[in-house]
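Before any comments, here is the structure.
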Amino acid sequence: MRPFLIAPSILSADFARLGDDVKAVLDAGSDVVHFDVMDNHYVPNLTIGPMVCTALRNYGITADIDVHLMVKPVDRIIPDFAKAGASIITFHPEASEHVDRTLQLIKESGCKAGLVLNPATPLHYLDHVMDKLDVILLMSVNPGFGGQSFIPHTLEKLRQVRALIDASGFDIRLEVDGGVKVDNIAEIAAAGADMFVAGSAIFSQADYKVVIDQMRAELASVS
Ligand SMILES: O=C(CO)[C@H](O)[C@H](O)COP(=O)(O)O
């Protein structure tokens with residue numbers, strides 16, 4: 001398994017001082033900035049777009065930015081996010097008319113590409129596109145809001161996707177998003193995840209380093 005990556009979801013960051021907050025969470029030892037894009041159409045919430053991604057890059061954020069598109073349609077916003085400095089772009093297959101074409105568009109834009117599966121979305125969406133995926137993101141809550149509880153059946157889904165990835169031989173990250181905390185991250189890693197999105201668990205704490213160190217200590221116990 002590759003090194004575990006911790007990706008704070010800036011959905012729970014302080015938007016009034018976003019640059020400083022993102023810098024703080026990276027300085028505290030996290031790896032990747034998870035950037036949640038919601039359109040009040042595909043999901044019932046409205047967040048941030050490419051201009052905010054550009055602003056973070058202009059502010060000096062050099063870490064990978066993992067853009068999770070919860071928007072429909074997806075294709076027309078992809079080149080804008082690539083220009084804005086996205087490193088990874090993931091989308092929900094139900095939000096794309098042509099999943100293969102959308103994956104290709106992300107790659108042609110120079111970003112890594114991934115599919116996101118909601119808690120009730122079947123794994124068959126992965127059929128025929130494994131060779132085009134850099135990331136598979138399993139939602140462990142229904143998308144739209146931070147601070148929800150981890151849905152336990154995600155553990156079995158993670159085990160199934162881990163087996164699919166290992167059997168495929170492709171180099172694909174298995175990311176999980178929603179309700180990830182210090183007290184469940186080891187169990188989630190043991191089920192096969194290697195990239196962990198955590199919003200409220202990190203940003204609700206006064207000292208981000210304490211909680212990130214605790215997550216790393218939990219992950220160290222997983223072989
Ligand atoms: O995509 C998301 C919601 O759609 C968020 O990234 C996710 O819920 C993370 O927040 P938390 O760690 O607080 O559950």
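Letters A, B, ... mark the chains of the structure tokens in the order given; residue numbers begin at 1 per chain; ligand numbers begin at 1, in order shown.
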
Spatial neighbours of stretch 179-188 of chain A, 10 Å, only C-alpha atoms, chain gap at least 4 places, as a ChimeraX atom specification = /A:139-141,146-152,154-156,158-159,192-202,211-223

Using DSSP assignments from the backbone, pull out every residue in chain A that falls under helix (DSSP H, G or I) and give it to me as a PDB file with C-alpha atoms, in the first residue's frame.
```pdb
ATOM      1  CA  ILE A  10     -11.804  23.043   3.329  1.00  0.00           C
ATOM      2  CA  LEU A  11     -15.594  22.917   3.462  1.00  0.00           C
ATOM      3  CA  SER A  12     -15.066  23.181   7.233  1.00  0.00           C
ATOM      4  CA  PHE A  15     -13.884  31.009   4.588  1.00  0.00           C
ATOM      5  CA  ALA A  16     -13.297  34.524   5.945  1.00  0.00           C
ATOM      6  CA  ARG A  17      -9.585  33.762   6.201  1.00  0.00           C
ATOM      7  CA  LEU A  18      -9.263  30.818   3.835  1.00  0.00           C
ATOM      8  CA  GLY A  19      -5.667  31.281   2.662  1.00  0.00           C
ATOM      9  CA  ASP A  20      -4.327  31.428   6.205  1.00  0.00           C
ATOM     10  CA  ASP A  21      -6.457  28.482   7.301  1.00  0.00           C
ATOM     11  CA  VAL A  22      -5.332  26.290   4.382  1.00  0.00           C
ATOM     12  CA  LYS A  23      -1.719  27.230   5.033  1.00  0.00           C
ATOM     13  CA  ALA A  24      -2.166  26.385   8.725  1.00  0.00           C
ATOM     14  CA  VAL A  25      -3.611  22.954   8.054  1.00  0.00           C
ATOM     15  CA  LEU A  26      -0.782  22.124   5.625  1.00  0.00           C
ATOM     16  CA  ASP A  27       1.844  23.415   8.072  1.00  0.00           C
ATOM     17  CA  PRO A  50     -12.295  28.048  -9.797  1.00  0.00           C
ATOM     18  CA  MET A  51     -11.653  31.657  -8.698  1.00  0.00           C
ATOM     19  CA  VAL A  52     -11.115  30.461  -5.147  1.00  0.00           C
ATOM     20  CA  CYS A  53      -8.715  27.776  -6.382  1.00  0.00           C
ATOM     21  CA  THR A  54      -6.767  30.443  -8.276  1.00  0.00           C
ATOM     22  CA  ALA A  55      -6.742  32.624  -5.175  1.00  0.00           C
ATOM     23  CA  LEU A  56      -5.219  29.807  -3.101  1.00  0.00           C
ATOM     24  CA  ARG A  57      -2.498  29.258  -5.718  1.00  0.00           C
ATOM     25  CA  ASN A  58      -1.811  33.011  -5.852  1.00  0.00           C
ATOM     26  CA  TYR A  59      -1.609  33.014  -2.075  1.00  0.00           C
ATOM     27  CA  ASP A  75     -17.605  19.012 -18.316  1.00  0.00           C
ATOM     28  CA  ARG A  76     -17.749  22.759 -18.837  1.00  0.00           C
ATOM     29  CA  ILE A  77     -16.138  23.593 -15.479  1.00  0.00           C
ATOM     30  CA  ILE A  78     -13.206  21.158 -15.841  1.00  0.00           C
ATOM     31  CA  PRO A  79     -10.890  23.318 -18.022  1.00  0.00           C
ATOM     32  CA  ASP A  80     -11.517  26.263 -15.656  1.00  0.00           C
ATOM     33  CA  PHE A  81     -10.391  24.226 -12.655  1.00  0.00           C
ATOM     34  CA  ALA A  82      -7.356  22.926 -14.529  1.00  0.00           C
ATOM     35  CA  LYS A  83      -6.342  26.520 -15.351  1.00  0.00           C
ATOM     36  CA  ALA A  84      -7.015  27.497 -11.734  1.00  0.00           C
ATOM     37  CA  PRO A  93     -20.663   9.411 -12.755  1.00  0.00           C
ATOM     38  CA  GLU A  94     -24.384  10.218 -12.422  1.00  0.00           C
ATOM     39  CA  ALA A  95     -23.500  13.862 -13.159  1.00  0.00           C
ATOM     40  CA  VAL A  99     -18.109   9.201 -18.125  1.00  0.00           C
ATOM     41  CA  ASP A 100     -15.270   8.086 -20.381  1.00  0.00           C
ATOM     42  CA  ARG A 101     -15.263  11.435 -22.195  1.00  0.00           C
ATOM     43  CA  THR A 102     -15.221  13.390 -18.923  1.00  0.00           C
ATOM     44  CA  LEU A 103     -12.276  11.335 -17.640  1.00  0.00           C
ATOM     45  CA  GLN A 104     -10.458  11.991 -20.897  1.00  0.00           C
ATOM     46  CA  LEU A 105     -11.190  15.721 -20.641  1.00  0.00           C
ATOM     47  CA  ILE A 106      -9.674  15.858 -17.145  1.00  0.00           C
ATOM     48  CA  LYS A 107      -6.527  14.034 -18.329  1.00  0.00           C
ATOM     49  CA  GLU A 108      -6.198  16.250 -21.396  1.00  0.00           C
ATOM     50  CA  LEU A 123     -19.530  -0.260  -8.115  1.00  0.00           C
ATOM     51  CA  HIS A 124     -20.354  -1.196 -11.703  1.00  0.00           C
ATOM     52  CA  TYR A 125     -19.637   2.415 -12.686  1.00  0.00           C
ATOM     53  CA  LEU A 126     -15.976   1.418 -12.349  1.00  0.00           C
ATOM     54  CA  MET A 130     -10.218   1.407 -14.360  1.00  0.00           C
ATOM     55  CA  ASP A 131      -7.358   2.127 -16.779  1.00  0.00           C
ATOM     56  CA  LYS A 132      -8.313   5.827 -16.809  1.00  0.00           C
ATOM     57  CA  THR A 154     -18.759   1.979   3.395  1.00  0.00           C
ATOM     58  CA  LEU A 155     -16.268  -0.375   5.058  1.00  0.00           C
ATOM     59  CA  GLU A 156     -17.499  -3.331   3.000  1.00  0.00           C
ATOM     60  CA  LYS A 157     -17.538  -1.185  -0.136  1.00  0.00           C
ATOM     61  CA  LEU A 158     -13.949  -0.134   0.547  1.00  0.00           C
ATOM     62  CA  ARG A 159     -12.911  -3.782   0.874  1.00  0.00           C
ATOM     63  CA  GLN A 160     -14.547  -4.560  -2.461  1.00  0.00           C
ATOM     64  CA  VAL A 161     -12.929  -1.614  -4.249  1.00  0.00           C
ATOM     65  CA  ARG A 162      -9.531  -2.384  -2.712  1.00  0.00           C
ATOM     66  CA  ALA A 163      -9.806  -5.901  -4.148  1.00  0.00           C
ATOM     67  CA  LEU A 164     -10.764  -4.488  -7.557  1.00  0.00           C
ATOM     68  CA  ILE A 165      -7.799  -2.089  -7.551  1.00  0.00           C
ATOM     69  CA  ASP A 166      -5.338  -4.761  -6.475  1.00  0.00           C
ATOM     70  CA  ALA A 167      -6.647  -7.172  -9.111  1.00  0.00           C
ATOM     71  CA  SER A 168      -6.469  -4.494 -11.810  1.00  0.00           C
ATOM     72  CA  ILE A 185      -9.553   6.220  10.640  1.00  0.00           C
ATOM     73  CA  ALA A 186      -7.621   3.023  11.467  1.00  0.00           C
ATOM     74  CA  GLU A 187     -10.658   0.840  10.732  1.00  0.00           C
ATOM     75  CA  ILE A 188     -11.213   2.716   7.455  1.00  0.00           C
ATOM     76  CA  ALA A 189      -7.568   2.249   6.469  1.00  0.00           C
ATOM     77  CA  ALA A 190      -7.717  -1.448   7.343  1.00  0.00           C
ATOM     78  CA  SER A 200     -14.984  18.855  10.744  1.00  0.00           C
ATOM     79  CA  ALA A 201     -12.676  16.482  12.642  1.00  0.00           C
ATOM     80  CA  ILE A 202      -9.699  18.713  11.839  1.00  0.00           C
ATOM     81  CA  PHE A 203     -11.079  22.234  11.491  1.00  0.00           C
ATOM     82  CA  TYR A 208      -4.775  21.135  13.773  1.00  0.00           C
ATOM     83  CA  LYS A 209      -1.409  19.468  14.381  1.00  0.00           C
ATOM     84  CA  VAL A 210      -2.717  17.591  17.419  1.00  0.00           C
ATOM     85  CA  VAL A 211      -5.548  15.926  15.502  1.00  0.00           C
ATOM     86  CA  ILE A 212      -3.437  15.249  12.387  1.00  0.00           C
ATOM     87  CA  ASP A 213      -0.724  13.663  14.577  1.00  0.00           C
ATOM     88  CA  GLN A 214      -3.405  11.548  16.267  1.00  0.00           C
ATOM     89  CA  MET A 215      -4.682  10.414  12.851  1.00  0.00           C
ATOM     90  CA  ARG A 216      -1.119   9.536  11.769  1.00  0.00           C
ATOM     91  CA  ALA A 217      -0.600   7.563  14.980  1.00  0.00           C
ATOM     92  CA  GLU A 218      -3.797   5.604  14.332  1.00  0.00           C
ATOM     93  CA  LEU A 219      -2.716   4.970  10.716  1.00  0.00           C
ATOM     94  CA  ALA A 220       0.690   3.745  11.884  1.00  0.00           C
TER      95      ALA A 220
END
```

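Minimum atom-to-atom distance to A:Val135, evaluated using only C-alpha atoms, belongs to A:Thr90 out of A:Thr90, A:Asn118, A:Asp14, A:Gly110.
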
note = As a check of understanding: the span from atom CA of A:Asp177 to atom CA of A:Ser109 is 24.4 Å

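Proximity to ligand 1 was assessed for A:Val176, A:Ile48, A:Ile136, A:Ala86 counting only C-alpha atoms and all ligand atoms; the smallest distance is recorded for A:Val176.
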